[in-house]
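Engineer: Here it is, the structure in full.
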Amino acid sequence: MRILITGVSGFIGTYLADKFVSEGHEVFGTTWEQISDFEVLPETREKLSVTRMDVRDYFAVRRLLQKIKPDKIFHMAAQSLPATSWTFAIETLQSNVIGTANIFEAIRELKIDPVIVIACSSASYGKTFFDPKYIPVSEDAPMQPLHPYGVSKAAKDLMTLQYFENFGIKGIRARIFNATGPKKEKDVLADFTTQIAKIEAGIQEPVIKVGNLEAKREINDVRDFVEALWLLSEKGRHGEAYNICSSEVYRIGDLLNKVLAMSSEKIEVVVDPDKLRPVDEPIITGNNTKIKTETGWTPKYKLEQTIKDSLDHWRKKFGV
């Protein structure tokens with residue numbers, strides 16, 4: 001099978017590439033970074049065909065799709081950081097919305113017929129997480145995004161529905177909740193494990209800086225999510241939206257305690273005002289009944305394993 005992963009150098013993209021190459025598929029990827037600047041297994045790098053391309057460039061997108069004619073597309077390319085989207089709102093909308101439209105338009109113009117799994121986001125729900133009657137959030141809950149990133153993801157989501165309903169393009173809306181694990185950067189678990197590994201390596205004083213410890217979040221392993229994305233491409237209904245989430249919630253302070261317990265260092269915890277958001281959802285959790293029922297997916301990785309593997313990744317990076 002010919003598979004295209006846009007944003008293959010991103011966190012989830014690298015795991016998708018490793019999985020698909022190991023299963024014997026012909027795998028293609030796009031990145032706008034230097035092709036050597038991302039982590040995949042050595043055997044993946046040998047077999048993965050990567051094109052440096054900006055999804056905002058319609059003609060580049062069209063040329064690549066015409067050349068590859070993929071059976072499946074996993075559209076992961078995006079500006080993926082909510083905080084960054086406040087500073088680079090226009091760039092976020094261009095990458096996430098226009099980039100997605102370019103893919104759909106190229107598919108339509110070329111008259112090819114791939115299944116396309118679109119990386120949407122729980123960030124689309126936004127303000128809905130503040131209303132207890134919607135918790136855990138189901139796919140029919142209102143989308144009320146609270147930052148440019150969330151708006152861009154909601155637009156991708158609705159665009160996928162529109163192109164299916166109007167043109168029959170086989171898009172599937174994967175509403176991804178927080179995915180973390182080894183290699184992840186700039187989320188709460190990555191922040192905790194990176195700081196602890198630096199402390200253990202002697203390159204940071206024994207103080208860990210934290211944000212809001214009272215918020216409640218799902219901590220989901222990326223390796224489970226990769227399996228969910230594949231199952232959606234195989235069994236998901238075209239045009240439909242699916243939450244990819246574990247439905248297991250942890251208070252951030254309790255997560256921190258679990259991470260600290262895996263280190264022998266004596267570490268002081270300090271709240272850093274720079275890590276506090278102006279608007280912070282008290283809880284982010286989803287209902288995963290739909291994806292489990294329709295695809296048979298179920299999360300397998302336990303929180304303790306995800307923490308350990310993440311810590312070990314950063315310990316290796318910093319020579320601990």
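Residue numbering restarts at 1 in every chain; chains get A, B, ... in the order shown in the structure tokens, and ligands count up from 1 in that same order.
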Considering only C-alpha atoms, return as a list of chain:residue names whatever protein or nucleic-acid residues lie within 10 Å of Arg277 of chain A, sequence-local ones (same chain, fewer than 6 positions apart) excluded.
Structural biologist: A:Ala83, A:Gly211, A:Asn212
Engineer: Produce a file of the selected residues containing C-alpha atoms, as an mmCIF file, in the first residue's frame.
Structural biologist:
data_model
loop_
_atom_site.group_PDB
_atom_site.id
_atom_site.type_symbol
_atom_site.label_atom_id
_atom_site.label_comp_id
_atom_site.auth_asym_id
_atom_site.auth_seq_id
_atom_site.Cartn_x
_atom_site.Cartn_y
_atom_site.Cartn_z
ATOM 1 C CA ALA A 83 0.615 28.967 22.688
ATOM 2 C CA GLY A 211 2.300 25.817 35.868
ATOM 3 C CA ASN A 212 -1.260 25.069 36.971
#
Engineer: Which residues are near Met159 of chain A? Cut-off 9 Å, only C-alpha atoms, ignore same chain within fewer than 4 positions. Put them as a list in words.
Structural biologist: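 Result of the neighbour search: Val97, Thr100, Ala101, Phe104, Ala154, Ala155, Tyr163 and Phe164 of chain A.
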Engineer: For segment 200-206 of chain A, work out the shell of residues within 10 Å, counting only C-alpha atoms and skipping chain neighbours fewer than 4 positions away, then give it as number ranges by chain.
Structural biologist: A: 194-196, 263-269, 314-320
Engineer: I need the residues of segment 50-112 of chain A that end up classed as alpha helix (DSSP H) by DSSP on the backbone, written out as an MDAnalysis selection string.
Structural biologist: chainID A and resid 58:68 82:87 89:93 99:110
Engineer: Could those residues be written to a file, using C-alpha atoms, as a CSV table (one decimal), in the first residue's frame?
Structural biologist:
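Written out: out_0.csv:
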chain,number,residue,atom,x,y,z
A,58,TYR,CA,-0.9,24.3,-3.7
A,59,PHE,CA,1.2,23.5,-6.8
A,60,ALA,CA,3.8,21.6,-4.8
A,61,VAL,CA,1.0,19.6,-3.1
A,62,ARG,CA,-0.6,18.8,-6.4
A,63,ARG,CA,2.6,17.7,-8.0
A,64,LEU,CA,3.4,15.4,-5.2
A,65,LEU,CA,-0.1,13.8,-5.1
A,66,GLN,CA,0.0,13.4,-8.9
A,67,LYS,CA,3.4,11.6,-8.6
A,68,ILE,CA,2.6,9.3,-5.6
A,82,PRO,CA,-1.7,26.5,20.9
A,83,ALA,CA,0.6,29.0,22.7
A,84,THR,CA,2.5,29.7,19.5
A,85,SER,CA,-0.7,30.4,17.7
A,86,TRP,CA,-1.3,33.6,19.7
A,87,THR,CA,2.0,35.0,18.4
A,89,ALA,CA,-2.1,33.5,14.3
A,90,ILE,CA,-1.9,34.2,10.6
A,91,GLU,CA,0.8,31.6,10.0
A,92,THR,CA,-1.2,29.0,12.0
A,93,LEU,CA,-4.3,29.6,10.0
A,99,GLY,CA,-2.7,23.6,3.8
A,100,THR,CA,-5.6,21.3,4.3
A,101,ALA,CA,-7.7,22.9,1.6
A,102,ASN,CA,-4.8,22.5,-0.8
A,103,ILE,CA,-4.8,18.7,-0.2
A,104,PHE,CA,-8.5,18.4,-0.7
A,105,GLU,CA,-8.5,20.6,-3.8
A,106,ALA,CA,-5.6,18.6,-5.3
A,107,ILE,CA,-7.4,15.3,-4.6
A,108,ARG,CA,-10.5,16.7,-6.3
A,109,GLU,CA,-8.7,18.1,-9.3
A,110,LEU,CA,-6.6,15.0,-9.9
Engineer: Quick one: everything within 7 Å of Met1 of chain A, counting only C-alpha atoms, minus sequence neighbours fewer than 2 positions away in the same chain. Send it as a list in words.
Structural biologist: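 Near Met1 of chain A, the qualifying residues are Ile3, His25, Glu26 and Asp71 of chain A.
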Engineer: Could you tell me, as an MDAnalysis selection string, which residues of segment 64-250 of chain A DSSP assigns to strand (DSSP E) when given the backbone?
Structural biologist: chainID A and resid 72:75 115:121 170:176 179:180 207:210 216:218 220:221 241:244 249:250
Engineer: With N, CA and C atoms kept, could you save the residues just selected as an mmCIF file, in the first residue's frame?
Structural biologist:
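Once everything was written out, this is out_30.cif:
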data_model
loop_
_atom_site.group_PDB
_atom_site.id
_atom_site.type_symbol
_atom_site.label_atom_id
_atom_site.label_comp_id
_atom_site.auth_asym_id
_atom_site.auth_seq_id
_atom_site.Cartn_x
_atom_site.Cartn_y
_atom_site.Cartn_z
ATOM 1 N N LYS A 72 -3.575 5.919 0.866
ATOM 2 C CA LYS A 72 -3.990 6.550 2.114
ATOM 3 C C LYS A 72 -3.108 7.761 2.380
ATOM 4 N N ILE A 73 -3.730 8.792 2.969
ATOM 5 C CA ILE A 73 -2.999 9.974 3.402
ATOM 6 C C ILE A 73 -3.291 10.193 4.878
ATOM 7 N N PHE A 74 -2.241 10.412 5.643
ATOM 8 C CA PHE A 74 -2.377 10.822 7.039
ATOM 9 C C PHE A 74 -1.879 12.263 7.101
ATOM 10 N N HIS A 75 -2.830 13.190 7.198
ATOM 11 C CA HIS A 75 -2.481 14.608 7.113
ATOM 12 C C HIS A 75 -2.189 15.140 8.515
ATOM 13 N N VAL A 115 -8.130 7.306 0.938
ATOM 14 C CA VAL A 115 -8.679 7.578 2.270
ATOM 15 C C VAL A 115 -7.742 8.590 2.920
ATOM 16 N N ILE A 116 -8.297 9.638 3.513
ATOM 17 C CA ILE A 116 -7.453 10.664 4.129
ATOM 18 C C ILE A 116 -7.881 10.888 5.572
ATOM 19 N N VAL A 117 -6.984 10.577 6.488
ATOM 20 C CA VAL A 117 -7.224 10.793 7.910
ATOM 21 C C VAL A 117 -6.665 12.160 8.275
ATOM 22 N N ILE A 118 -7.543 13.042 8.735
ATOM 23 C CA ILE A 118 -7.169 14.415 9.047
ATOM 24 C C ILE A 118 -6.925 14.551 10.547
ATOM 25 N N ALA A 119 -5.752 15.070 10.912
ATOM 26 C CA ALA A 119 -5.424 15.271 12.328
ATOM 27 C C ALA A 119 -6.156 16.509 12.833
ATOM 28 N N CYS A 120 -7.339 16.293 13.393
ATOM 29 C CA CYS A 120 -8.088 17.353 14.052
ATOM 30 C C CYS A 120 -7.705 17.354 15.531
ATOM 31 N N SER A 121 -8.451 18.039 16.381
ATOM 32 C CA SER A 121 -7.953 18.208 17.746
ATOM 33 C C SER A 121 -9.067 18.434 18.754
ATOM 34 N N LYS A 170 -12.860 10.849 0.753
ATOM 35 C CA LYS A 170 -12.968 9.926 1.895
ATOM 36 C C LYS A 170 -12.184 10.416 3.117
ATOM 37 N N GLY A 171 -12.605 11.555 3.652
ATOM 38 C CA GLY A 171 -11.936 12.117 4.817
ATOM 39 C C GLY A 171 -12.505 11.587 6.111
ATOM 40 N N ILE A 172 -11.637 11.400 7.086
ATOM 41 C CA ILE A 172 -12.027 10.967 8.426
ATOM 42 C C ILE A 172 -11.452 11.956 9.417
ATOM 43 N N ARG A 173 -12.295 12.447 10.326
ATOM 44 C CA ARG A 173 -11.910 13.503 11.264
ATOM 45 C C ARG A 173 -11.425 12.882 12.572
ATOM 46 N N ALA A 174 -10.124 12.835 12.774
ATOM 47 C CA ALA A 174 -9.528 12.262 13.983
ATOM 48 C C ALA A 174 -9.301 13.368 15.009
ATOM 49 N N ARG A 175 -10.167 13.477 15.990
ATOM 50 C CA ARG A 175 -10.041 14.506 17.018
ATOM 51 C C ARG A 175 -9.092 14.010 18.102
ATOM 52 N N ILE A 176 -7.841 14.380 17.954
ATOM 53 C CA ILE A 176 -6.765 13.865 18.790
ATOM 54 C C ILE A 176 -6.675 14.668 20.083
ATOM 55 N N ALA A 179 -1.478 13.738 23.047
ATOM 56 C CA ALA A 179 -0.660 12.547 22.808
ATOM 57 C C ALA A 179 0.753 12.845 23.265
ATOM 58 N N THR A 180 1.295 11.971 24.081
ATOM 59 C CA THR A 180 2.628 12.203 24.622
ATOM 60 C C THR A 180 3.422 10.904 24.619
ATOM 61 N N VAL A 207 15.488 22.272 40.909
ATOM 62 C CA VAL A 207 14.206 22.973 41.029
ATOM 63 C C VAL A 207 13.422 22.718 39.757
ATOM 64 N N ILE A 208 12.195 22.238 39.889
ATOM 65 C CA ILE A 208 11.354 22.030 38.718
ATOM 66 C C ILE A 208 10.283 23.111 38.690
ATOM 67 N N LYS A 209 10.194 23.815 37.565
ATOM 68 C CA LYS A 209 9.239 24.904 37.411
ATOM 69 C C LYS A 209 7.963 24.375 36.771
ATOM 70 N N VAL A 210 6.820 24.722 37.361
ATOM 71 C CA VAL A 210 5.548 24.167 36.923
ATOM 72 C C VAL A 210 4.523 25.271 36.720
ATOM 73 N N LYS A 216 -6.958 19.215 35.199
ATOM 74 C CA LYS A 216 -7.065 17.765 35.001
ATOM 75 C C LYS A 216 -6.984 17.466 33.511
ATOM 76 N N ARG A 217 -6.133 16.521 33.173
ATOM 77 C CA ARG A 217 -5.878 16.212 31.774
ATOM 78 C C ARG A 217 -5.763 14.703 31.549
ATOM 79 N N GLU A 218 -6.087 14.297 30.334
ATOM 80 C CA GLU A 218 -5.740 12.947 29.906
ATOM 81 C C GLU A 218 -4.251 12.937 29.537
ATOM 82 N N ASN A 220 -2.146 10.573 27.307
ATOM 83 C CA ASN A 220 -2.311 9.469 26.366
ATOM 84 C C ASN A 220 -1.002 9.148 25.658
ATOM 85 N N ASP A 221 -0.723 7.863 25.498
ATOM 86 C CA ASP A 221 0.523 7.448 24.865
ATOM 87 C C ASP A 221 0.406 7.491 23.343
ATOM 88 N N ALA A 241 -16.511 12.098 12.568
ATOM 89 C CA ALA A 241 -15.533 12.563 13.555
ATOM 90 C C ALA A 241 -15.386 11.519 14.659
ATOM 91 N N TYR A 242 -14.162 11.330 15.126
ATOM 92 C CA TYR A 242 -13.875 10.359 16.184
ATOM 93 C C TYR A 242 -12.917 10.969 17.204
ATOM 94 N N ASN A 243 -13.299 10.939 18.468
ATOM 95 C CA ASN A 243 -12.361 11.295 19.528
ATOM 96 C C ASN A 243 -11.330 10.194 19.684
ATOM 97 N N ILE A 244 -10.053 10.568 19.694
ATOM 98 C CA ILE A 244 -9.000 9.611 20.058
ATOM 99 C C ILE A 244 -8.515 10.027 21.437
ATOM 100 N N VAL A 249 -8.442 10.472 33.355
ATOM 101 C CA VAL A 249 -8.042 11.837 33.679
ATOM 102 C C VAL A 249 -7.135 11.851 34.911
ATOM 103 N N TYR A 250 -6.140 12.742 34.877
ATOM 104 C CA TYR A 250 -5.211 12.883 35.998
ATOM 105 C C TYR A 250 -5.068 14.364 36.361
#
Engineer: Please provide as a PyMOL selection string all residues within 9 Å of segment 280-289 of chain A, with the sequence filter that same-chain residues fewer than 4 positions apart are discarded (counting only C-alpha atoms).
Structural biologist: chain A and resi 122+126-127+129-130+135-139+177-178+212+214-218+242-249+251+276+293-294+298
Engineer: Atom CA of Val27 of chain A and atom CA of Met76 of chain A, how far apart in Å?
Structural biologist: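 So the answer is 14.3 Å.
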